[in-house]
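Visitor: Below are the structure tokens for one structure; questions will follow.
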Amino acid sequence: MLRLLYFARVREAIGRDGEEIERPAMAETIADLVDLLAARGGGYAEALADRSRLRAALDQRFVPLDAPLADARELALFPPVTGG
Amino acid sequence: MIRAAITSAAPDIAAELARLEALGGGGIASFTGIVRGEDGLAALELEAWPAMAERALGEIAGEAAARWPLLGVTLLHRHGVLEVGERIVFVGTAAAHRAPALEACAFLIDWAKTKAPFWKREHRDDGSRRWIEARHADDAAAARWG
């Protein structure tokens, strides 16, 4: 199982703050999984359309979208941070 | 002494500075980020990923302590809905001399803006809400520290 977390604009477009999914066998990298999620259409497609404005963290570590999912347990997807 | 936290209440700046002044150094520097009053802005919402934010702030503070000879580092970031004029973030540093205190203070706010999981959303007077876009200038400011 893989726990997904969504924040800010991504959370709002998808309409939930997270979910548990079976890890798709085809998804080697975060980008692969994002493609599969976006293919669900609706809010997922909207939230994940612009990859230049999408960031990710695997097990609470910021990583690029081409990072392998490996054996991570948690993947967070969100827009670039704007705190401070 | 590292103090990094995500808070819902406003930082007590006098108390935070007093804590740093008590560490025996010769220089204290601080930065306070405030909700800027702009036309039509009713409030500013700070969404956080609390578990990771606390860790990220701690790591940023630890990085500052590794790069400069600091006696104390304080990095406090709020979340929730804040009104114009409220404090969003407080950075404080204590060192033997002014240079490391001032430089580390600038480093801390630059990194906090780009490496901690917080997202700002404007609440407008007309009831609408708008996510703030990340600024290239902030990325550039963070990048200059390597």
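In the structure tokens, chains take letters A, B, ... by order of appearance, with residues numbered from 1 within each chain and ligands from 1 in the order shown.
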Sorted by chain and rising residue number, which residues of range 28-113 of chain B lie within 10 Å of range 58-75 of chain A, and what are their closest atom pairs and distances in Å to one decimal, counting only C-alpha atoms, as a tab-separated table?

Guide:
```
residue	atom	partner	partner_atom	distance
B:Trp49	CA	A:Gln60	CA	9.8
B:Ala51	CA	A:Gln60	CA	8.4
B:Met52	CA	A:Gln60	CA	5.9
B:Ala53	CA	A:Gln60	CA	9.3
B:Arg55	CA	A:Gln60	CA	8.8
B:Ala56	CA	A:Gln60	CA	9.0
```

Visitor: Give me a file of those residues, with N, CA and C atoms, as a PDB file, in the first residue's frame.

Guide:
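The new file again.pdb reads:
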```pdb
ATOM      1  N   TRP B  49       1.848  21.443   6.420  1.00  0.00           N
ATOM      2  CA  TRP B  49       1.931  20.000   6.595  1.00  0.00           C
ATOM      3  C   TRP B  49       2.679  19.850   7.916  1.00  0.00           C
ATOM      4  N   ALA B  51       3.528  17.702  10.341  1.00  0.00           N
ATOM      5  CA  ALA B  51       4.574  16.731  10.689  1.00  0.00           C
ATOM      6  C   ALA B  51       5.879  17.061   9.970  1.00  0.00           C
ATOM      7  N   MET B  52       5.767  17.333   8.682  1.00  0.00           N
ATOM      8  CA  MET B  52       6.993  17.595   7.936  1.00  0.00           C
ATOM      9  C   MET B  52       7.516  18.999   8.182  1.00  0.00           C
ATOM     10  N   ALA B  53       6.602  19.954   8.398  1.00  0.00           N
ATOM     11  CA  ALA B  53       7.027  21.344   8.599  1.00  0.00           C
ATOM     12  C   ALA B  53       7.930  21.464   9.818  1.00  0.00           C
ATOM     13  N   ARG B  55       9.767  19.203  11.139  1.00  0.00           N
ATOM     14  CA  ARG B  55      11.059  18.593  10.841  1.00  0.00           C
ATOM     15  C   ARG B  55      11.890  19.472   9.917  1.00  0.00           C
ATOM     16  N   ALA B  56      11.234  20.030   8.881  1.00  0.00           N
ATOM     17  CA  ALA B  56      11.951  20.880   7.927  1.00  0.00           C
ATOM     18  C   ALA B  56      12.518  22.111   8.637  1.00  0.00           C
TER      19      ALA B  56
END
```

Visitor: Using only C-alpha atoms, select each residue of chain A with any atom at most 9 Å away from an atom of chain B, and give the selection as a list in words.

Guide: Phe7, Ala8, Arg9, Arg53, Gln60, Arg61, Phe62, Phe78, Pro79, Pro80, Val81, Thr82, Gly83 and Gly84 of chain A

Visitor: Could you state the separation of CA of Asp17 in chain A and CA of Arg3 in chain A in Å, given to one decimal place?

Guide: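 Calculated distance between CA of Asp17 in chain A and CA of Arg3 in chain A is 10.8 Å.
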
Visitor: Report as a VMD selection string: the residues of chain B with a DSSP assignment of helix (DSSP H, G or I), based on the backbone of this structure.

Guide: chain B and resid 13 to 21 50 to 67 98 to 115 136 to 143

Visitor: Pick out the closest residue to Gly41 in chain A from this set: A:Tyr6, A:Ala76, A:Ile14, A:Met1. Count only C-alpha atoms.

Guide: A:Ile14

Visitor: Please give the complete set of residues from chain B that DSSP, run on the backbone, assigns to strand (DSSP E), formatted as a count of residues only.

Guide: 54

Visitor: Nearest residue to Ala25 in chain A out of A:Ala57, A:Ala47, A:Ala13, A:Leu2, using only C-alpha atoms?

Guide: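 Result for the nearest residue to Ala25 in chain A: A:Leu2.
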
Visitor: Give me the residues near Gly85 in chain B as an mmCIF file with N, CA and C atoms, in the first residue's frame, where near means some atom within 12 Å (using only C-alpha atoms) and where sequence neighbours in that chain fewer than 2 positions away do not count.

Guide:
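result.cif, written as the output of this step:
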```
data_model
loop_
_atom_site.group_PDB
_atom_site.id
_atom_site.type_symbol
_atom_site.label_atom_id
_atom_site.label_comp_id
_atom_site.auth_asym_id
_atom_site.auth_seq_id
_atom_site.Cartn_x
_atom_site.Cartn_y
_atom_site.Cartn_z
ATOM 1 N N ALA B 10 0.783 33.742 17.957
ATOM 2 C CA ALA B 10 1.839 34.661 17.532
ATOM 3 C C ALA B 10 3.044 34.527 18.450
ATOM 4 N N THR B 32 11.232 39.395 11.441
ATOM 5 C CA THR B 32 9.830 39.056 11.653
ATOM 6 C C THR B 32 9.081 39.272 10.352
ATOM 7 N N GLY B 33 8.401 38.257 9.877
ATOM 8 C CA GLY B 33 7.553 38.368 8.686
ATOM 9 C C GLY B 33 6.126 38.663 9.118
ATOM 10 N N ILE B 34 5.519 39.660 8.453
ATOM 11 C CA ILE B 34 4.205 40.173 8.846
ATOM 12 C C ILE B 34 3.240 40.048 7.662
ATOM 13 N N VAL B 35 1.963 39.836 7.937
ATOM 14 C CA VAL B 35 0.960 39.847 6.857
ATOM 15 C C VAL B 35 0.838 41.285 6.348
ATOM 16 N N ARG B 36 1.225 41.478 5.080
ATOM 17 C CA ARG B 36 1.260 42.810 4.476
ATOM 18 C C ARG B 36 -0.151 43.266 4.132
ATOM 19 N N GLY B 37 -0.459 44.511 4.453
ATOM 20 C CA GLY B 37 -1.769 45.056 4.104
ATOM 21 C C GLY B 37 -1.821 45.416 2.627
ATOM 22 N N GLU B 38 -2.666 44.728 1.874
ATOM 23 C CA GLU B 38 -2.802 45.016 0.440
ATOM 24 C C GLU B 38 -4.263 45.253 0.139
ATOM 25 N N LEU B 41 -7.313 42.697 0.649
ATOM 26 C CA LEU B 41 -6.930 41.517 1.421
ATOM 27 C C LEU B 41 -7.604 41.540 2.791
ATOM 28 N N ALA B 42 -8.385 40.484 3.077
ATOM 29 C CA ALA B 42 -9.065 40.401 4.374
ATOM 30 C C ALA B 42 -8.216 39.618 5.374
ATOM 31 N N ALA B 43 -7.577 38.557 4.906
ATOM 32 C CA ALA B 43 -6.768 37.710 5.786
ATOM 33 C C ALA B 43 -5.849 36.848 4.931
ATOM 34 N N LEU B 44 -4.859 36.285 5.580
ATOM 35 C CA LEU B 44 -3.930 35.394 4.882
ATOM 36 C C LEU B 44 -3.937 34.050 5.604
ATOM 37 N N LEU B 82 -4.520 34.314 9.406
ATOM 38 C CA LEU B 82 -3.904 35.469 10.067
ATOM 39 C C LEU B 82 -4.426 36.773 9.456
ATOM 40 N N GLU B 83 -4.611 37.753 10.310
ATOM 41 C CA GLU B 83 -5.090 39.052 9.822
ATOM 42 C C GLU B 83 -3.919 39.947 9.450
ATOM 43 N N ARG B 87 1.964 38.481 12.874
ATOM 44 C CA ARG B 87 3.269 37.865 12.623
ATOM 45 C C ARG B 87 3.094 36.479 12.016
ATOM 46 N N ILE B 88 3.824 36.232 10.918
ATOM 47 C CA ILE B 88 3.784 34.919 10.264
ATOM 48 C C ILE B 88 4.971 34.074 10.701
ATOM 49 N N VAL B 89 6.132 34.700 10.698
ATOM 50 C CA VAL B 89 7.358 33.948 10.953
ATOM 51 C C VAL B 89 8.304 34.805 11.782
#
```

Visitor: Between CA of Cys105 in chain B and CA of Ala9 in chain B, what distance in Å does the model show, to one decimal?

Guide: 21.6 Å
